[in-house]
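Q: Take a look at protein02.pdb, PDB, C-alpha atoms and all ligand atoms:
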```pdb
ATOM      1  CA  MET A 257     -11.191  25.325 -13.625
ATOM      2  CA  LEU A 258     -10.655  21.979 -12.013
ATOM      3  CA  ASP A 259     -13.487  21.830  -9.491
ATOM      4  CA  LEU A 260     -14.753  18.696  -7.767
ATOM      5  CA  THR A 261     -16.902  20.337  -5.083
ATOM      6  CA  GLY A 262     -20.113  18.409  -4.480
ATOM      7  CA  LYS A 263     -18.543  15.233  -5.881
ATOM      8  CA  ASN A 264     -18.408  12.034  -3.811
ATOM      9  CA  ALA A 265     -15.198  10.086  -4.462
ATOM     10  CA  LEU A 266     -14.447   6.554  -3.259
ATOM     11  CA  VAL A 267     -10.695   5.831  -3.190
ATOM     12  CA  THR A 268      -9.302   2.292  -2.889
ATOM     13  CA  GLY A 269      -5.673   1.224  -2.528
ATOM     14  CA  ILE A 270      -4.174   3.438   0.192
ATOM     15  CA  ALA A 271      -1.664   1.403   2.231
ATOM     16  CA  ASN A 272       0.717   4.163   3.361
ATOM     17  CA  ASN A 273       2.023   7.638   2.520
ATOM     18  CA  ARG A 274       3.844   6.316  -0.564
ATOM     19  CA  SER A 275       0.742   4.778  -2.150
ATOM     20  CA  ILE A 276      -0.280   6.201  -5.513
ATOM     21  CA  ALA A 277      -3.853   6.209  -4.126
ATOM     22  CA  TRP A 278      -2.665   8.565  -1.371
ATOM     23  CA  GLY A 279      -1.365  10.998  -4.024
ATOM     24  CA  ILE A 280      -4.726  10.754  -5.781
ATOM     25  CA  ALA A 281      -6.769  11.211  -2.569
ATOM     26  CA  GLN A 282      -4.811  14.380  -1.702
ATOM     27  CA  GLN A 283      -5.420  15.951  -5.112
ATOM     28  CA  LEU A 284      -9.125  15.020  -5.155
ATOM     29  CA  HIS A 285      -9.440  16.602  -1.700
ATOM     30  CA  LYS A 286      -7.597  19.714  -2.897
ATOM     31  CA  ALA A 287     -10.089  20.007  -5.778
ATOM     32  CA  GLY A 288     -12.936  19.956  -3.245
ATOM     33  CA  ALA A 289     -14.203  16.365  -3.468
ATOM     34  CA  ASN A 290     -15.884  14.625  -0.535
ATOM     35  CA  LEU A 291     -13.794  11.497   0.148
ATOM     36  CA  GLY A 292     -14.561   7.914   1.072
ATOM     37  CA  ILE A 293     -11.582   5.668   1.780
ATOM     38  CA  THR A 294     -11.405   1.870   1.678
ATOM     39  CA  TYR A 295      -8.558  -0.181   3.119
ATOM     40  CA  LEU A 296      -7.477  -3.811   3.021
ATOM     41  CA  PRO A 297      -8.233  -5.193   6.497
ATOM     42  CA  ASP A 298      -5.791  -7.513   8.316
ATOM     43  CA  GLU A 299      -6.353  -9.668  11.428
ATOM     44  CA  LYS A 300      -4.714  -7.280  13.884
ATOM     45  CA  GLY A 301      -6.401  -4.144  12.533
ATOM     46  CA  ARG A 302      -2.962  -2.581  11.944
ATOM     47  CA  MET A 303      -3.800  -1.408   8.442
ATOM     48  CA  GLU A 304      -7.065   0.155   9.605
ATOM     49  CA  LYS A 305      -5.265   2.204  12.273
ATOM     50  CA  LYS A 306      -2.402   3.249  10.000
ATOM     51  CA  VAL A 307      -4.590   4.312   7.078
ATOM     52  CA  ALA A 308      -7.113   6.039   9.385
ATOM     53  CA  GLU A 309      -4.326   8.187  10.889
ATOM     54  CA  LEU A 310      -2.916   9.011   7.463
ATOM     55  CA  VAL A 311      -6.205  10.100   5.861
ATOM     56  CA  GLU A 312      -7.583  12.003   8.865
ATOM     57  CA  PRO A 313      -6.469  15.440   7.567
ATOM     58  CA  LEU A 314      -8.559  14.855   4.419
ATOM     59  CA  ASN A 315     -11.722  14.487   6.570
ATOM     60  CA  PRO A 316     -13.143  11.412   4.826
ATOM     61  CA  SER A 317     -16.880  11.046   5.444
ATOM     62  CA  LEU A 318     -16.633   7.299   4.918
ATOM     63  CA  PHE A 319     -13.924   4.809   5.959
ATOM     64  CA  VAL A 320     -14.626   1.131   5.290
ATOM     65  CA  PRO A 321     -12.781  -2.195   4.912
ATOM     66  CA  CYS A 322     -12.857  -3.654   1.407
ATOM     67  CA  ASN A 323     -10.927  -6.763   0.426
ATOM     68  CA  VAL A 324     -11.857  -7.229  -3.254
ATOM     69  CA  GLN A 325     -11.590 -11.009  -2.837
ATOM     70  CA  ASP A 326     -14.601 -10.885  -0.495
ATOM     71  CA  ASP A 327     -17.988 -10.296  -2.188
ATOM     72  CA  ALA A 328     -19.625  -9.475   1.163
ATOM     73  CA  GLN A 329     -17.130  -6.632   1.827
ATOM     74  CA  ILE A 330     -17.724  -5.158  -1.640
ATOM     75  CA  LYS A 331     -21.487  -5.359  -1.130
ATOM     76  CA  SER A 332     -21.341  -3.694   2.271
ATOM     77  CA  THR A 333     -18.933  -0.980   1.018
ATOM     78  CA  PHE A 334     -21.376   0.125  -1.677
ATOM     79  CA  GLU A 335     -24.400  -0.238   0.634
ATOM     80  CA  THR A 336     -22.661   2.235   2.932
ATOM     81  CA  VAL A 337     -22.007   4.569  -0.024
ATOM     82  CA  GLY A 338     -25.714   4.376  -0.946
ATOM     83  CA  GLU A 339     -26.888   5.027   2.608
ATOM     84  CA  LYS A 340     -24.455   7.827   3.495
ATOM     85  CA  TRP A 341     -24.076   9.598   0.146
ATOM     86  CA  GLY A 342     -27.053   8.569  -1.978
ATOM     87  CA  LYS A 343     -24.959   8.923  -5.141
ATOM     88  CA  LEU A 344     -21.375   8.210  -6.181
ATOM     89  CA  ASP A 345     -19.470  10.375  -8.683
ATOM     90  CA  ILE A 346     -15.890   9.105  -8.634
ATOM     91  CA  LEU A 347     -14.339   5.668  -8.136
ATOM     92  CA  ILE A 348     -10.567   5.238  -7.904
ATOM     93  CA  HIS A 349      -9.353   1.658  -8.419
ATOM     94  CA  CYS A 350      -5.702   1.625  -7.336
ATOM     95  CA  LEU A 351      -4.826  -1.906  -6.285
ATOM     96  CA  ALA A 352      -2.999  -4.941  -7.589
ATOM     97  CA  PHE A 353      -1.500  -8.123  -6.232
ATOM     98  CA  ALA A 354       0.458 -11.114  -7.467
ATOM     99  CA  GLY A 355       2.312 -13.679  -5.352
ATOM    100  CA  LYS A 356       5.950 -12.641  -4.857
ATOM    101  CA  ASP A 357       7.179 -15.857  -6.515
ATOM    102  CA  GLU A 358       5.317 -14.967  -9.698
ATOM    103  CA  LEU A 359       7.219 -11.667 -10.066
ATOM    104  CA  THR A 360      10.613 -13.219 -10.634
ATOM    105  CA  GLY A 361      12.092 -15.841 -12.927
ATOM    106  CA  ASP A 362      10.567 -17.488 -15.978
ATOM    107  CA  PHE A 363       7.090 -16.302 -16.966
ATOM    108  CA  SER A 364       6.284 -19.814 -18.224
ATOM    109  CA  LYS A 365       6.571 -21.075 -14.623
ATOM    110  CA  THR A 366       3.504 -19.063 -13.602
ATOM    111  CA  SER A 367       1.290 -21.393 -11.555
ATOM    112  CA  ARG A 368      -2.428 -21.870 -12.153
ATOM    113  CA  ALA A 369      -3.183 -20.518  -8.675
ATOM    114  CA  GLY A 370      -0.806 -17.563  -9.113
ATOM    115  CA  PHE A 371      -2.326 -16.647 -12.480
ATOM    116  CA  THR A 372      -5.874 -16.847 -11.103
ATOM    117  CA  GLN A 373      -5.056 -14.809  -8.002
ATOM    118  CA  ALA A 374      -3.239 -12.044  -9.899
ATOM    119  CA  LEU A 375      -6.052 -11.658 -12.426
ATOM    120  CA  GLU A 376      -8.774 -11.864  -9.777
ATOM    121  CA  ILE A 377      -7.329  -9.148  -7.527
ATOM    122  CA  SER A 378      -5.731  -6.915 -10.160
ATOM    123  CA  ALA A 379      -8.212  -7.098 -13.071
ATOM    124  CA  TYR A 380     -11.520  -8.770 -12.155
ATOM    125  CA  SER A 381     -11.838  -6.396  -9.181
ATOM    126  CA  LEU A 382     -12.447  -3.491 -11.595
ATOM    127  CA  VAL A 383     -15.395  -5.361 -13.104
ATOM    128  CA  GLN A 384     -16.803  -6.038  -9.616
ATOM    129  CA  LEU A 385     -16.340  -2.477  -8.340
ATOM    130  CA  GLY A 386     -17.658  -1.063 -11.618
ATOM    131  CA  ALA A 387     -20.802  -3.193 -11.354
ATOM    132  CA  ALA A 388     -21.366  -2.114  -7.751
ATOM    133  CA  ALA A 389     -20.770   1.564  -8.611
ATOM    134  CA  LYS A 390     -23.046   1.558 -11.695
ATOM    135  CA  PRO A 391     -26.432   1.916  -9.941
ATOM    136  CA  LEU A 392     -25.030   4.620  -7.628
ATOM    137  CA  MET A 393     -23.606   6.809 -10.424
ATOM    138  CA  THR A 394     -27.025   8.295 -11.161
ATOM    139  CA  GLU A 395     -25.704  11.718 -12.202
ATOM    140  CA  GLY A 396     -22.886  10.385 -14.385
ATOM    141  CA  GLY A 397     -19.429   9.706 -13.053
ATOM    142  CA  SER A 398     -15.801   8.840 -13.579
ATOM    143  CA  ILE A 399     -13.917   5.631 -12.867
ATOM    144  CA  VAL A 400     -10.108   5.683 -12.919
ATOM    145  CA  THR A 401      -7.761   2.716 -12.575
ATOM    146  CA  LEU A 402      -3.959   2.393 -12.505
ATOM    147  CA  THR A 403      -2.030   0.381 -15.043
ATOM    148  CA  TYR A 404       1.596  -0.077 -16.115
ATOM    149  CA  LEU A 405       3.567  -0.384 -19.362
ATOM    150  CA  GLY A 406       4.154  -4.069 -18.513
ATOM    151  CA  GLY A 407       0.568  -4.659 -19.702
ATOM    152  CA  VAL A 408       1.449  -3.772 -23.300
ATOM    153  CA  ARG A 409       5.191  -4.510 -23.509
ATOM    154  CA  VAL A 410       7.429  -7.134 -21.940
ATOM    155  CA  ILE A 411       9.098  -5.823 -18.759
ATOM    156  CA  PRO A 412      11.457  -8.383 -17.155
ATOM    157  CA  ASN A 413       9.923 -10.007 -14.036
ATOM    158  CA  TYR A 414       6.578  -8.189 -14.316
ATOM    159  CA  ASN A 415       5.362 -11.529 -15.671
ATOM    160  CA  VAL A 416       1.773 -12.435 -14.745
ATOM    161  CA  MET A 417       1.101  -8.857 -13.596
ATOM    162  CA  GLY A 418       1.562  -7.864 -17.252
ATOM    163  CA  ILE A 419      -1.200 -10.245 -18.267
ATOM    164  CA  ALA A 420      -3.382  -8.853 -15.455
ATOM    165  CA  LYS A 421      -2.761  -5.266 -16.644
ATOM    166  CA  ALA A 422      -3.584  -6.220 -20.249
ATOM    167  CA  ALA A 423      -6.896  -7.631 -18.966
ATOM    168  CA  LEU A 424      -7.426  -4.540 -16.811
ATOM    169  CA  GLU A 425      -6.942  -2.212 -19.803
ATOM    170  CA  MET A 426      -9.467  -4.210 -21.822
ATOM    171  CA  ASN A 427     -11.879  -4.117 -18.857
ATOM    172  CA  VAL A 428     -11.610  -0.318 -19.086
ATOM    173  CA  ARG A 429     -12.802  -0.397 -22.713
ATOM    174  CA  TYR A 430     -15.704  -2.801 -22.139
ATOM    175  CA  LEU A 431     -16.852  -0.892 -19.048
ATOM    176  CA  ALA A 432     -16.524   2.441 -20.887
ATOM    177  CA  ALA A 433     -18.754   1.121 -23.687
ATOM    178  CA  GLU A 434     -21.364  -0.188 -21.223
ATOM    179  CA  LEU A 435     -21.437   2.801 -18.865
ATOM    180  CA  GLY A 436     -21.063   5.571 -21.466
ATOM    181  CA  PRO A 437     -24.822   5.906 -22.117
ATOM    182  CA  GLN A 438     -25.328   6.861 -18.436
ATOM    183  CA  ASN A 439     -22.479   9.387 -18.751
ATOM    184  CA  VAL A 440     -20.040   7.365 -16.673
ATOM    185  CA  ARG A 441     -16.497   7.593 -18.075
ATOM    186  CA  VAL A 442     -13.890   4.891 -17.470
ATOM    187  CA  ASN A 443     -10.170   5.496 -17.999
ATOM    188  CA  ALA A 444      -6.768   4.201 -16.918
ATOM    189  CA  ILE A 445      -3.583   6.014 -16.000
ATOM    190  CA  SER A 446      -0.429   4.191 -17.022
ATOM    191  CA  ALA A 447       2.083   5.429 -14.466
ATOM    192  CA  GLY A 448       5.854   5.178 -14.755
ATOM    193  CA  PRO A 449       7.695   3.328 -11.959
ATOM    194  CA  ILE A 450       7.338   4.952  -8.528
ATOM    195  CA  ARG A 451       8.794   3.717  -5.213
ATOM    196  CA  THR A 452       5.819   2.406  -3.237
ATOM    197  CA  LEU A 453       5.155  -0.500  -0.872
ATOM    198  CA  ALA A 454       4.278  -2.746  -3.835
ATOM    199  CA  SER A 455       7.158  -1.735  -6.099
ATOM    200  CA  SER A 456       9.788  -1.710  -3.330
ATOM    201  CA  ALA A 457       9.101  -5.396  -2.688
ATOM    202  CA  VAL A 458      10.303  -6.049  -6.238
ATOM    203  CA  GLY A 459      14.003  -6.741  -6.779
ATOM    204  CA  GLY A 460      15.794  -4.170  -8.943
ATOM    205  CA  ILE A 461      13.134  -1.445  -8.820
ATOM    206  CA  LEU A 462      15.797   1.212  -8.107
ATOM    207  CA  ASP A 463      17.753   0.169 -11.210
ATOM    208  CA  MET A 464      14.541   0.456 -13.225
ATOM    209  CA  ILE A 465      13.933   3.940 -11.840
ATOM    210  CA  HIS A 466      17.496   5.000 -12.723
ATOM    211  CA  HIS A 467      17.010   3.628 -16.242
ATOM    212  CA  VAL A 468      13.854   5.733 -16.658
ATOM    213  CA  GLU A 469      15.721   8.802 -15.351
ATOM    214  CA  GLU A 470      18.250   8.349 -18.177
ATOM    215  CA  ILE A 471      15.875   7.530 -21.027
ATOM    216  CA  ALA A 472      12.579   9.372 -20.382
ATOM    217  CA  PRO A 473      12.231  12.682 -22.277
ATOM    218  CA  LEU A 474      11.756  14.544 -18.974
ATOM    219  CA  ARG A 475      14.866  12.766 -17.543
ATOM    220  CA  ARG A 476      13.091  11.841 -14.326
ATOM    221  CA  THR A 477      10.358   9.629 -12.922
ATOM    222  CA  VAL A 478       6.900  10.859 -11.957
ATOM    223  CA  THR A 479       5.470  11.409  -8.480
ATOM    224  CA  GLN A 480       2.311  10.168  -6.783
ATOM    225  CA  LEU A 481       1.018  13.765  -6.777
ATOM    226  CA  GLU A 482       1.488  14.079 -10.555
ATOM    227  CA  VAL A 483      -0.541  10.899 -11.013
ATOM    228  CA  GLY A 484      -3.045  12.424  -8.571
ATOM    229  CA  ASN A 485      -3.349  15.570 -10.677
ATOM    230  CA  THR A 486      -4.074  13.494 -13.778
ATOM    231  CA  ALA A 487      -6.678  11.483 -11.881
ATOM    232  CA  ALA A 488      -8.337  14.712 -10.672
ATOM    233  CA  PHE A 489      -8.373  15.970 -14.268
ATOM    234  CA  LEU A 490      -9.919  12.726 -15.568
ATOM    235  CA  CYS A 491     -12.606  12.950 -12.847
ATOM    236  CA  SER A 492     -13.431  16.568 -13.650
ATOM    237  CA  ASP A 493     -15.605  18.179 -16.318
ATOM    238  CA  LEU A 494     -12.381  19.195 -18.086
ATOM    239  CA  ALA A 495     -12.188  15.553 -19.278
ATOM    240  CA  SER A 496     -15.907  15.276 -20.177
ATOM    241  CA  GLY A 497     -15.094  13.949 -23.666
ATOM    242  CA  ILE A 498     -12.547  11.321 -22.597
ATOM    243  CA  THR A 499     -13.529   7.700 -21.972
ATOM    244  CA  GLY A 500     -12.051   4.257 -22.580
ATOM    245  CA  GLN A 501      -8.513   5.649 -22.721
ATOM    246  CA  VAL A 502      -5.155   4.764 -21.228
ATOM    247  CA  LEU A 503      -3.316   7.996 -20.417
ATOM    248  CA  TYR A 504       0.462   7.704 -19.872
ATOM    249  CA  VAL A 505       1.869   9.630 -16.906
ATOM    250  CA  ASP A 506       5.442   8.438 -17.259
ATOM    251  CA  ALA A 507       7.646  11.460 -18.076
ATOM    252  CA  GLY A 508       7.376  10.317 -21.706
ATOM    253  CA  TYR A 509       9.259   7.034 -21.250
ATOM    254  CA  ALA A 510       6.871   4.868 -23.322
ATOM    255  CA  ILE A 511       7.412   6.835 -26.568
ATOM    256  CA  MET A 512      11.118   5.956 -26.722
ATOM    257  CA  GLY A 513      12.323   3.196 -29.022
ATOM    258  CA  MET A 514      16.074   3.597 -28.566
TER     259      MET A 514
HETATM  260  P1  LIG B 601       0.670   0.140  -2.868
HETATM  261  O1  LIG B 601       1.259  -1.073  -2.252
HETATM  262  O2  LIG B 601       0.755   1.392  -2.110
HETATM  263  O3  LIG B 601      -0.855  -0.100  -3.249
HETATM  264  C1  LIG B 601      -1.373  -1.363  -3.582
HETATM  265  C2  LIG B 601      -2.690  -1.477  -2.844
HETATM  266  O4  LIG B 601      -3.387  -2.667  -3.219
HETATM  267  C3  LIG B 601      -2.507  -1.538  -1.315
HETATM  268  O5  LIG B 601      -3.178  -0.466  -0.714
HETATM  269  C4  LIG B 601      -3.140  -2.859  -0.947
HETATM  270  O6  LIG B 601      -3.813  -2.812   0.291
HETATM  271  C5  LIG B 601      -4.121  -3.053  -2.093
HETATM  272  N1  LIG B 601      -4.595  -4.442  -2.229
HETATM  273  C6  LIG B 601      -3.882  -5.558  -2.485
HETATM  274  N2  LIG B 601      -4.678  -6.628  -2.463
HETATM  275  C7  LIG B 601      -5.942  -6.176  -2.208
HETATM  276  C8  LIG B 601      -7.209  -6.803  -2.048
HETATM  277  N3  LIG B 601      -7.355  -8.134  -2.133
HETATM  278  N4  LIG B 601      -8.298  -6.027  -1.780
HETATM  279  C9  LIG B 601      -8.161  -4.690  -1.661
HETATM  280  N5  LIG B 601      -6.988  -4.030  -1.803
HETATM  281  C10 LIG B 601      -5.898  -4.781  -2.063
HETATM  282  O7  LIG B 601       1.371   0.274  -4.306
HETATM  283  P2  LIG B 601       1.111   1.247  -5.541
HETATM  284  O8  LIG B 601       2.352   1.196  -6.323
HETATM  285  O9  LIG B 601       0.588   2.543  -5.089
HETATM  286  O10 LIG B 601      -0.004   0.468  -6.390
HETATM  287  C11 LIG B 601      -1.261   1.020  -6.735
HETATM  288  C12 LIG B 601      -1.610   0.715  -8.183
HETATM  289  O11 LIG B 601      -0.720   1.407  -9.040
HETATM  290  C13 LIG B 601      -1.533  -0.764  -8.581
HETATM  291  O12 LIG B 601      -2.606  -1.069  -9.460
HETATM  292  C14 LIG B 601      -0.224  -0.822  -9.341
HETATM  293  O13 LIG B 601      -0.219  -1.886 -10.267
HETATM  294  C15 LIG B 601      -0.267   0.511 -10.027
HETATM  295  N6  LIG B 601       1.004   0.994 -10.570
HETATM  296  C16 LIG B 601       2.090   1.124  -9.766
HETATM  297  C17 LIG B 601       3.300   1.599 -10.289
HETATM  298  C18 LIG B 601       4.528   1.745  -9.427
HETATM  299  O14 LIG B 601       5.630   1.777  -9.954
HETATM  300  N7  LIG B 601       4.415   1.831  -8.133
HETATM  301  C19 LIG B 601       3.362   1.950 -11.645
HETATM  302  C20 LIG B 601       2.238   1.811 -12.444
HETATM  303  C21 LIG B 601       1.056   1.341 -11.888
HETATM  304  O1  LIG B 602       2.097  -2.978 -10.538
HETATM  305  C1  LIG B 602       3.147  -2.866  -9.938
HETATM  306  C2  LIG B 602       3.402  -3.636  -8.674
HETATM  307  C3  LIG B 602       2.494  -4.807  -8.543
HETATM  308  C4  LIG B 602       2.783  -5.794  -7.459
HETATM  309  C5  LIG B 602       3.889  -5.786  -6.621
HETATM  310  C6  LIG B 602       4.032  -6.769  -5.651
HETATM  311  C7  LIG B 602       5.244  -6.871  -4.763
HETATM  312  C8  LIG B 602       4.958  -7.623  -3.486
HETATM  313  C9  LIG B 602       1.862  -6.779  -7.311
HETATM  314  N1  LIG B 602       1.975  -7.743  -6.391
HETATM  315  C10 LIG B 602       3.039  -7.755  -5.553
HETATM  316  N2  LIG B 602       3.141  -8.772  -4.637
HETATM  317  C11 LIG B 602       4.069  -8.787  -3.667
HETATM  318  O2  LIG B 602       4.153  -9.762  -2.879
HETATM  319  N3  LIG B 602       4.114  -2.025 -10.447
HETATM  320  C12 LIG B 602       3.886  -1.375 -11.709
HETATM  321  C13 LIG B 602       5.432  -1.814  -9.804
HETATM  322  C14 LIG B 602       6.378  -2.774 -10.419
HETATM  323  O3  LIG B 602       6.354  -4.079 -10.086
HETATM  324  C15 LIG B 602       7.296  -4.726 -10.868
HETATM  325  C16 LIG B 602       7.904  -3.796 -11.715
HETATM  326  C17 LIG B 602       7.313  -2.532 -11.438
HETATM  327  C18 LIG B 602       7.601  -1.239 -12.113
HETATM  328  C19 LIG B 602       7.642  -6.067 -10.909
HETATM  329  C20 LIG B 602       8.639  -6.483 -11.786
HETATM  330  C21 LIG B 602       9.238  -5.591 -12.639
HETATM  331  C22 LIG B 602       8.881  -4.222 -12.624
END
```
Represent the supplied structure as structure tokens.
Ligand code: NAD
Ligand code: 0WE
A:
Amino acid sequence: MLDLTGKNALVTGIANNRSIAWGIAQQLHKAGANLGITYLPDEKGRMEKKVAELVEPLNPSLFVPCNVQDDAQIKSTFETVGEKWGKLDILIHCLAFAGKDELTGDFSKTSRAGFTQALEISAYSLVQLGAAAKPLMTEGGSIVTLTYLGGVRVIPNYNVMGIAKAALEMNVRYLAAELGPQNVRVNAISAGPIRTLASSAVGGILDMIHHVEEIAPLRRTVTQLEVGNTAAFLCSDLASGITGQVLYVDAGYAIMGM
């Protein structure tokens, strides 16, 4: 049975009700986990208000700002986890960012600043959060991140995000090797395209979704809740032997060659 009662789960990356992290948070809650939610703060506090309203029904016992570009916010997030919970069992890393200009046109035009920013936010952040979580995962644990096929194959316009996802997937393996001896498992879910805030800002995402609906073995795309179910599974004892893996939740799309 999938049971996460007594588990403390910190979920990053909720921006709105389309976020993949929102699908994950709902399924972790359904499985009985105690939730902590982080959000990306903005000057006007709009994001804080919006995310707070959204997650209220899941009764999070912790709600903190965490911009992964700010070391002080990461430090204070995990200090709060230590003080309020004592131990951490589950960490969901569900965030990515590249400048809009980098996600269109020639890959070779990627700027130095754009490359650095995309890899810092989308890949290095897993190393940072993993390091901060390590001393708190005293009874073992599970770390799950979100990746995309563009990290292993060329997807038009995904560009520097593909390089960031390739780095992210390798971070998963190095972290899994380091944290395995303390029974902390680290895995990635490679999700098929889903309409979210991030993907909707990308030109042609609907065409990509229609393409997947034609080609994928299941003849459809996947939902945030299906990704959430897989995350809940990976965080549960049912997945106790799985670490360092990239699990595709993509209606089978990635197996197709023609
Ligand atoms: P989303 O826009 O809902 O989520 C992206 C999140 O990243 C937002 O909550 C945003 O606040 C957060 N973020 C950005 N910069 C940050 C920073 N500096 N510090 C902290 N948080 C920051 O979009 P989504 O599609 O749910 O994306 C979540 C994850 O899923 C990403 O890693 C994305 O690459 C991955 N993914 C998405 C798809 C898809 O098609 N939507 C497919 C595969 C993988
Ligand atoms: O990882 C992603 C989205 C990542 C993303 C999206 C944006 C848009 C707005 C990162 N940074 C930004 N920055 C912005 O300013 N996906 C897997 C969804 C996605 O993005 C694509 C895709 C797919 C699928 C970009 C190009 C081609 C396909």
Q: Can you write out as a tab-separated table which residues of chain A fall within 7 Å of ligand LIG 602 (chain B), alongside each residue's closest atom pair and its distance in Å to one decimal, counting all atoms listed in the file and ordering rows by chain and ascending residue number?
A:
```
residue	atom	partner	partner_atom	distance
A:Ala352	CA	B:LIG602	C9	5.2
A:Phe353	CA	B:LIG602	N1	3.5
A:Ala354	CA	B:LIG602	N1	3.9
A:Gly355	CA	B:LIG602	O2	5.0
A:Lys356	CA	B:LIG602	O2	3.9
A:Leu359	CA	B:LIG602	C20	5.6
A:Thr403	CA	B:LIG602	O1	7.0
A:Tyr404	CA	B:LIG602	C12	5.1
A:Ile411	CA	B:LIG602	C21	6.1
A:Pro412	CA	B:LIG602	C21	5.8
A:Asn413	CA	B:LIG602	C20	4.4
A:Tyr414	CA	B:LIG602	C20	3.7
A:Met417	CA	B:LIG602	C3	6.6
A:Pro449	CA	B:LIG602	C18	4.6
A:Ala454	CA	B:LIG602	C5	4.1
A:Ser455	CA	B:LIG602	C13	4.1
A:Ala457	CA	B:LIG602	C7	4.6
A:Val458	CA	B:LIG602	C7	5.3
A:Ile461	CA	B:LIG602	C22	6.3
```
Q: Between A:Gln283, A:Thr372, A:Gln384, A:Asn315, single out the one closest to Phe334 in chain A, counting only C-alpha atoms.
A: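 Among A:Gln283, A:Thr372, A:Gln384, A:Asn315, it is A:Gln384 that comes nearest to Phe334 in chain A.
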Q: Ligand LIG 601 (chain B): which residues are within 7 Å, counting all atoms listed in the file? Reply as an NGL selection string.
A: :A and (268-272 or 274-277 or 295-296 or 322-325 or 350-353 or 377-378 or 402-404 or 446-455)
Q: Using the chain letters and numbers from the file, which residues does the PyMOL selection byres (((chain A and resi 425) around 9) and not hetatm) grab, as number ranges by chain?
A: A: 379, 401, 403, 407, 420-424, 426-429, 443-444, 500-502
Q: In the coordinate frame of the file, compute which residues have an atom within 9 Å of (-14.4, 1.6, -11.9) when using only C-alpha atoms, and state them as a ChimeraX atom specification.
A: /A:346-349,381-390,398-401,428,431,441-443
Q: Rank nothing, just name the residue among A:Val307, A:Gly508, A:Phe363, A:Gly279 nearest to Arg475 in chain A, using all atoms listed in the file.
A: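 Of A:Val307, A:Gly508, A:Phe363, A:Gly279, the one nearest Arg475 in chain A is A:Gly508, counting all atoms listed in the file.
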